[in-house]
Amino acid sequence: KHPFKLKSTFDPGPSKNLELEKYLRAVEIELQTMLRIPRKIMPNLTKEERTTIKHLKDKQNQLIIKKADKGSTITVADIDTYIRDGELHLADAVAYRRLEEDRTKEIANRVQQFVKQIYEVGYIDKFELEYLLPPNPVRTQFIYFPYKIHKQPIAVRPVVSGINGPTTQVSKYLDYFYKQLIPKVKSYLKNSQQLVEELQSMVLPANCDEILLVSLDVKSMYTSIPQDEGISALLN
């Protein structure tokens, strides 16, 4: 199976099996009848929880309710605070550059031209051509900010939603190949479980009296990687 063959958009339409349609209609009517029967429903929330939910619903147009950056915790922030925190993060001139206009269509056209060029010279086949072309209509990518409540002081993590963006398909295409190469890097660790296994199997020198484990956290890692050097590292 070709890894880049687009999924079929074939729609079989409604079933023409009259007996099946009759049965489904009967089930639908029965369910509607059951819903109309009055019955006492016992709440599974405390009074305080119900009051809190009502309070949030009453102010939902003034709040941003999102999942925290890590774990299953939910964060609640008023819109003004959320916008302020996002703008504060984007004010980093080293990591971000302000654009005066939306360049989505321009980038989509450049990607389209490039993909067609490499197809014409034989670098990719027809399936890859169709896979790599930007969607139509193309969607402007946007950024949002989950709160990192495990950090002190609390900060935000920038997340860019690239669904149906001009470079989405190209990114997925490259990821398909690079994720097969990354495990071959000597410093690669799949997860914390592999780290534990590596440490347990490690044989230390006899004269080693003290071990110091060190972890590093790079601020704004992705936007801090020099693009030319990053591309060179991937190619080599």
# chains A, B, ... in the order shown; residues from 1 in each chain; ligands from 1
$ select_by_dssp --residues "region 40-167 of chain A" --states "alpha helix (DSSP H)" --output "number ranges by chain"
A: 47-58, 79-90, 104-120, 126-132
$ write_last_selection --atoms "C-alpha atoms" --output "compact mmCIF listing (two decimals), in the first residue's frame"
# COMPACT_ATOMS: atom_id res chain seq x y z
CA LYS A 47 -24.17 21.18 45.17
CA GLU A 48 -20.87 23.09 45.12
CA GLU A 49 -19.88 21.51 41.80
CA ARG A 50 -23.23 22.36 40.21
CA THR A 51 -22.97 25.94 41.47
CA THR A 52 -19.46 26.26 40.03
CA ILE A 53 -20.53 24.90 36.65
CA LYS A 54 -23.47 27.33 36.53
CA HIS A 55 -21.15 30.19 37.42
CA LEU A 56 -18.77 29.20 34.59
CA LYS A 57 -21.63 28.87 32.09
CA ASP A 58 -22.94 32.32 33.03
CA ILE A 79 -10.08 36.64 28.34
CA ASP A 80 -8.09 39.78 29.16
CA THR A 81 -5.54 37.81 31.18
CA TYR A 82 -5.27 35.14 28.47
CA ILE A 83 -4.67 37.74 25.74
CA ARG A 84 -2.16 39.59 27.92
CA ASP A 85 -0.18 36.40 28.60
CA GLY A 86 -0.22 35.46 24.92
CA GLU A 87 0.92 38.90 23.76
CA LEU A 88 3.65 38.90 26.42
CA HIS A 89 4.97 35.63 25.05
CA LEU A 90 4.83 36.85 21.44
CA THR A 104 -1.04 32.14 3.87
CA LYS A 105 -2.08 32.15 0.19
CA GLU A 106 1.37 33.31 -0.92
CA ILE A 107 3.04 30.43 0.95
CA ALA A 108 0.47 27.95 -0.38
CA ASN A 109 1.23 29.07 -3.96
CA ARG A 110 4.97 28.69 -3.40
CA VAL A 111 4.49 25.20 -1.97
CA GLN A 112 2.24 24.25 -4.88
CA GLN A 113 4.76 25.45 -7.46
CA PHE A 114 7.64 23.65 -5.75
CA VAL A 115 5.73 20.37 -5.42
CA LYS A 116 4.78 20.45 -9.10
CA GLN A 117 8.41 21.16 -10.06
CA ILE A 118 9.82 18.16 -8.18
CA TYR A 119 7.05 16.01 -9.67
CA GLU A 120 7.92 17.09 -13.20
CA LYS A 126 1.59 11.04 -8.71
CA PHE A 127 0.36 9.85 -5.31
CA GLU A 128 2.96 12.00 -3.55
CA LEU A 129 2.08 14.98 -5.75
CA GLU A 130 -1.59 14.77 -4.76
CA TYR A 131 -0.63 14.22 -1.11
CA LEU A 132 1.74 17.20 -0.90
$ residues_around --residues "Ile163 (chain A)" --least-positions-apart "4" --cutoff "9 Å" --atoms "only C-alpha atoms" --output "VMD selection string"
chain A and resid 139 to 141 168
$ select_by_dssp --residues "region 125-182 of chain A" --states "strand (DSSP E or B)" --output "PyMOL selection string"
chain A and resi 142-144+147-148+155-156+159-161
$ write_last_selection --atoms "N, CA, C and O atoms" --output "mmCIF file, in the first residue's frame"
data_model
loop_
_atom_site.group_PDB
_atom_site.id
_atom_site.type_symbol
_atom_site.label_atom_id
_atom_site.label_comp_id
_atom_site.auth_asym_id
_atom_site.auth_seq_id
_atom_site.Cartn_x
_atom_site.Cartn_y
_atom_site.Cartn_z
ATOM 1 N N PHE A 142 -3.134 29.219 13.324
ATOM 2 C CA PHE A 142 -3.270 30.126 14.459
ATOM 3 C C PHE A 142 -2.594 29.530 15.684
ATOM 4 O O PHE A 142 -2.298 28.331 15.744
ATOM 5 N N ILE A 143 -2.333 30.380 16.649
ATOM 6 C CA ILE A 143 -1.604 29.967 17.846
ATOM 7 C C ILE A 143 -2.514 30.079 19.069
ATOM 8 O O ILE A 143 -3.378 30.961 19.138
ATOM 9 N N TYR A 144 -2.353 29.145 19.996
ATOM 10 C CA TYR A 144 -3.065 29.246 21.278
ATOM 11 C C TYR A 144 -2.112 28.859 22.395
ATOM 12 O O TYR A 144 -1.006 28.353 22.143
ATOM 13 N N TYR A 147 -1.790 26.721 29.567
ATOM 14 C CA TYR A 147 -1.005 27.167 30.718
ATOM 15 C C TYR A 147 -0.144 26.035 31.273
ATOM 16 O O TYR A 147 -0.606 24.903 31.422
ATOM 17 N N LYS A 148 1.105 26.369 31.584
ATOM 18 C CA LYS A 148 2.035 25.412 32.201
ATOM 19 C C LYS A 148 1.967 25.625 33.712
ATOM 20 O O LYS A 148 2.805 26.312 34.300
ATOM 21 N N ALA A 155 3.460 29.802 33.383
ATOM 22 C CA ALA A 155 3.773 30.351 32.062
ATOM 23 C C ALA A 155 2.831 29.732 31.033
ATOM 24 O O ALA A 155 1.976 28.912 31.371
ATOM 25 N N VAL A 156 2.987 30.126 29.777
ATOM 26 C CA VAL A 156 2.179 29.552 28.705
ATOM 27 C C VAL A 156 3.087 28.817 27.727
ATOM 28 O O VAL A 156 4.262 29.140 27.590
ATOM 29 N N VAL A 159 1.229 26.830 21.137
ATOM 30 C CA VAL A 159 0.890 25.693 20.282
ATOM 31 C C VAL A 159 0.285 26.247 18.994
ATOM 32 O O VAL A 159 -0.687 27.000 19.046
ATOM 33 N N VAL A 160 0.864 25.883 17.863
ATOM 34 C CA VAL A 160 0.354 26.349 16.571
ATOM 35 C C VAL A 160 -0.520 25.265 15.963
ATOM 36 O O VAL A 160 -0.075 24.130 15.783
ATOM 37 N N SER A 161 -1.746 25.602 15.670
ATOM 38 C CA SER A 161 -2.653 24.675 14.995
ATOM 39 C C SER A 161 -2.415 24.799 13.493
ATOM 40 O O SER A 161 -2.741 25.808 12.881
#
$ closest_atom_pairs --of "region 48-136 of chain A" --to "region 207-227 of chain A" --cutoff "12 Å" --atoms "only C-alpha atoms" --output "JSON lines"
{"residue": "A:His89", "atom": "CA", "partner": "A:Ser220", "partner_atom": "CA", "distance": 10.0}
{"residue": "A:Leu90", "atom": "CA", "partner": "A:Ser220", "partner_atom": "CA", "distance": 11.0}
{"residue": "A:Asp92", "atom": "CA", "partner": "A:Ser220", "partner_atom": "CA", "distance": 9.9}
{"residue": "A:Ala93", "atom": "CA", "partner": "A:Thr223", "partner_atom": "CA", "distance": 10.9}
{"residue": "A:Val94", "atom": "CA", "partner": "A:Ser224", "partner_atom": "CA", "distance": 8.1}
{"residue": "A:Ala95", "atom": "CA", "partner": "A:Thr223", "partner_atom": "CA", "distance": 5.3}
{"residue": "A:Tyr96", "atom": "CA", "partner": "A:Thr223", "partner_atom": "CA", "distance": 7.8}
{"residue": "A:Arg97", "atom": "CA", "partner": "A:Thr223", "partner_atom": "CA", "distance": 10.9}
$ write_last_selection --atoms "N, CA and C atoms" --output "PDB file, in the first residue's frame"
ATOM      1  N   HIS A  89       4.110  36.676  25.615  1.00  0.00           N
ATOM      2  CA  HIS A  89       4.971  35.629  25.051  1.00  0.00           C
ATOM      3  C   HIS A  89       5.427  35.992  23.635  1.00  0.00           C
ATOM      4  N   LEU A  90       4.511  36.502  22.824  1.00  0.00           N
ATOM      5  CA  LEU A  90       4.825  36.846  21.437  1.00  0.00           C
ATOM      6  C   LEU A  90       5.706  38.078  21.318  1.00  0.00           C
ATOM      7  N   ASP A  92       8.552  38.421  22.424  1.00  0.00           N
ATOM      8  CA  ASP A  92       9.957  38.004  22.331  1.00  0.00           C
ATOM      9  C   ASP A  92      10.432  38.186  20.886  1.00  0.00           C
ATOM     10  N   ALA A  93      11.169  39.258  20.637  1.00  0.00           N
ATOM     11  CA  ALA A  93      11.610  39.577  19.271  1.00  0.00           C
ATOM     12  C   ALA A  93      12.645  38.611  18.737  1.00  0.00           C
ATOM     13  N   VAL A  94      13.281  37.846  19.606  1.00  0.00           N
ATOM     14  CA  VAL A  94      14.268  36.856  19.154  1.00  0.00           C
ATOM     15  C   VAL A  94      13.561  35.650  18.538  1.00  0.00           C
ATOM     16  N   ALA A  95      12.448  35.269  19.116  1.00  0.00           N
ATOM     17  CA  ALA A  95      11.735  34.074  18.657  1.00  0.00           C
ATOM     18  C   ALA A  95      10.680  34.383  17.603  1.00  0.00           C
ATOM     19  N   TYR A  96      10.113  35.599  17.608  1.00  0.00           N
ATOM     20  CA  TYR A  96       8.988  35.903  16.730  1.00  0.00           C
ATOM     21  C   TYR A  96       9.224  37.193  15.948  1.00  0.00           C
ATOM     22  N   ARG A  97       8.653  37.246  14.762  1.00  0.00           N
ATOM     23  CA  ARG A  97       8.707  38.456  13.931  1.00  0.00           C
ATOM     24  C   ARG A  97       7.293  38.780  13.470  1.00  0.00           C
TER      25      ARG A  97
END
$ atom_distance --atom1 "CA of Val185 (chain A)" --atom2 "CA of Ala233 (chain A)"
11.4 Å
$ residues_around --residues "Ser72 (chain A)" --least-positions-apart "4" --cutoff "12 Å" --atoms "only C-alpha atoms" --output "PyMOL selection string"
chain A and resi 66-68+146+148-150
$ residues_around --residues "Glu198 (chain A)" --least-positions-apart "5" --cutoff "12 Å" --atoms "only C-alpha atoms" --output "ChimeraX atom specification"
/A:187-193,203
$ write_last_selection --atoms "C-alpha atoms" --output "mmCIF file, in the first residue's frame"
data_model
loop_
_atom_site.group_PDB
_atom_site.id
_atom_site.type_symbol
_atom_site.label_atom_id
_atom_site.label_comp_id
_atom_site.auth_asym_id
_atom_site.auth_seq_id
_atom_site.Cartn_x
_atom_site.Cartn_y
_atom_site.Cartn_z
ATOM 1 C CA SER A 187 21.395 10.003 22.159
ATOM 2 C CA TYR A 188 17.791 9.013 21.289
ATOM 3 C CA LEU A 189 15.515 7.948 24.134
ATOM 4 C CA LYS A 190 11.992 6.838 23.274
ATOM 5 C CA ASN A 191 10.519 7.557 26.702
ATOM 6 C CA SER A 192 11.232 7.588 30.437
ATOM 7 C CA GLN A 193 10.857 3.807 30.614
ATOM 8 C CA VAL A 203 27.899 -0.651 34.595
#
$ decode --residues "region 21-35 of chain A" --atoms "all heavy atoms" --output "CSV table (one decimal), in the first residue's frame"
chain,number,residue,atom,x,y,z
A,21,GLU,N,-33.8,0.0,7.1
A,21,GLU,CA,-34.3,1.3,7.3
A,21,GLU,C,-35.6,1.3,8.2
A,21,GLU,O,-35.7,2.1,9.1
A,21,GLU,CB,-34.7,2.0,6.0
A,21,GLU,CG,-33.5,2.3,5.1
A,21,GLU,CD,-32.6,3.4,5.7
A,21,GLU,OE1,-33.1,4.3,6.4
A,21,GLU,OE2,-31.4,3.2,5.5
A,22,LYS,N,-36.4,0.3,8.0
A,22,LYS,CA,-37.7,0.2,8.8
A,22,LYS,C,-37.3,-0.1,10.3
A,22,LYS,O,-37.9,0.4,11.2
A,22,LYS,CB,-38.5,-0.9,8.3
A,22,LYS,CG,-39.9,-1.0,8.9
A,22,LYS,CD,-40.7,-2.2,8.4
A,22,LYS,CE,-41.0,-2.0,6.9
A,22,LYS,NZ,-41.8,-3.2,6.4
A,23,TYR,N,-36.3,-1.0,10.5
A,23,TYR,CA,-35.8,-1.3,11.8
A,23,TYR,C,-35.2,-0.1,12.5
A,23,TYR,O,-35.5,0.1,13.7
A,23,TYR,CB,-34.8,-2.5,11.7
A,23,TYR,CG,-34.2,-2.8,13.1
A,23,TYR,CD1,-34.8,-3.5,14.1
A,23,TYR,CD2,-32.9,-2.4,13.3
A,23,TYR,CE1,-34.3,-3.7,15.3
A,23,TYR,CE2,-32.2,-2.6,14.5
A,23,TYR,CZ,-33.0,-3.3,15.5
A,23,TYR,OH,-32.4,-3.6,16.7
A,24,LEU,N,-34.4,0.6,11.8
A,24,LEU,CA,-33.7,1.8,12.4
A,24,LEU,C,-34.8,2.8,12.8
A,24,LEU,O,-34.7,3.5,13.8
A,24,LEU,CB,-32.7,2.4,11.4
A,24,LEU,CG,-31.5,1.5,11.1
A,24,LEU,CD1,-30.6,2.2,10.0
A,24,LEU,CD2,-30.6,1.3,12.4
A,25,ARG,N,-35.8,3.0,12.0
A,25,ARG,CA,-36.8,4.0,12.3
A,25,ARG,C,-37.6,3.5,13.5
A,25,ARG,O,-38.0,4.3,14.4
A,25,ARG,CB,-37.8,4.1,11.1
A,25,ARG,CG,-39.0,5.0,11.3
A,25,ARG,CD,-38.5,6.4,11.6
A,25,ARG,NE,-39.6,7.3,11.8
A,25,ARG,CZ,-39.5,8.5,12.5
A,25,ARG,NH1,-38.3,8.9,13.0
A,25,ARG,NH2,-40.5,9.3,12.7
A,26,ALA,N,-37.9,2.2,13.7
A,26,ALA,CA,-38.6,1.7,14.8
A,26,ALA,C,-37.8,2.0,16.1
A,26,ALA,O,-38.3,2.4,17.1
A,26,ALA,CB,-38.9,0.2,14.7
A,27,VAL,N,-36.4,1.8,16.0
A,27,VAL,CA,-35.6,2.0,17.2
A,27,VAL,C,-35.6,3.5,17.5
A,27,VAL,O,-35.6,3.9,18.7
A,27,VAL,CB,-34.1,1.5,16.9
A,27,VAL,CG1,-33.2,2.0,18.0
A,27,VAL,CG2,-34.1,0.0,16.7
A,28,GLU,N,-35.5,4.3,16.5
A,28,GLU,CA,-35.5,5.8,16.8
A,28,GLU,C,-36.8,6.2,17.5
A,28,GLU,O,-36.8,7.0,18.4
A,28,GLU,CB,-35.4,6.5,15.4
A,28,GLU,CG,-35.4,8.0,15.6
A,28,GLU,CD,-35.2,8.7,14.2
A,28,GLU,OE1,-35.1,8.0,13.2
A,28,GLU,OE2,-35.3,10.0,14.2
A,29,ILE,N,-38.0,5.7,17.0
A,29,ILE,CA,-39.2,6.0,17.7
A,29,ILE,C,-39.3,5.5,19.1
A,29,ILE,O,-39.8,6.2,20.0
A,29,ILE,CB,-40.4,5.4,16.9
A,29,ILE,CG1,-40.5,6.1,15.5
A,29,ILE,CG2,-41.7,5.5,17.6
A,29,ILE,CD1,-41.5,5.4,14.5
A,30,GLU,N,-38.8,4.3,19.3
A,30,GLU,CA,-38.8,3.8,20.7
A,30,GLU,C,-37.9,4.6,21.6
A,30,GLU,O,-38.3,4.9,22.8
A,30,GLU,CB,-38.2,2.4,20.7
A,30,GLU,CG,-38.3,1.7,22.0
A,30,GLU,CD,-37.9,0.2,22.0
A,30,GLU,OE1,-37.7,-0.3,20.8
A,30,GLU,OE2,-37.7,-0.4,23.0
A,31,LEU,N,-36.8,5.1,21.1
A,31,LEU,CA,-35.9,5.9,22.0
A,31,LEU,C,-36.5,7.3,22.3
A,31,LEU,O,-36.4,7.8,23.4
A,31,LEU,CB,-34.5,6.2,21.2
A,31,LEU,CG,-33.6,4.9,21.1
A,31,LEU,CD1,-32.4,5.3,20.2
A,31,LEU,CD2,-33.1,4.5,22.5
A,32,GLN,N,-37.2,7.8,21.3
A,32,GLN,CA,-37.9,9.1,21.5
A,32,GLN,C,-39.0,8.9,22.6
A,32,GLN,O,-39.2,9.8,23.4
A,32,GLN,CB,-38.5,9.6,20.2
A,32,GLN,CG,-37.4,10.1,19.2
A,32,GLN,CD,-38.0,10.5,17.9
A,32,GLN,OE1,-39.2,10.3,17.6
A,32,GLN,NE2,-37.2,11.1,17.1
A,33,THR,N,-39.7,7.8,22.5
A,33,THR,CA,-40.7,7.5,23.5
A,33,THR,C,-40.2,7.4,24.9
A,33,THR,O,-40.7,7.9,25.9
A,33,THR,CB,-41.5,6.2,23.1
A,33,THR,OG1,-42.0,6.3,21.8
A,33,THR,CG2,-42.6,5.9,24.1
A,34,MET,N,-39.0,6.7,25.0
A,34,MET,CA,-38.4,6.5,26.3
A,34,MET,C,-38.0,7.9,26.9
A,34,MET,O,-38.1,8.1,28.1
A,34,MET,CB,-37.2,5.6,26.2
A,34,MET,CG,-37.5,4.2,25.9
A,34,MET,SD,-36.0,3.2,25.5
A,34,MET,CE,-35.1,3.4,27.0
A,35,LEU,N,-37.5,8.8,26.1
A,35,LEU,CA,-37.0,10.1,26.6
A,35,LEU,C,-38.2,10.9,27.1
A,35,LEU,O,-38.0,11.8,27.9
A,35,LEU,CB,-36.3,10.8,25.4
A,35,LEU,CG,-34.9,10.2,25.1
A,35,LEU,CD1,-34.3,10.9,23.8
A,35,LEU,CD2,-33.9,10.3,26.2
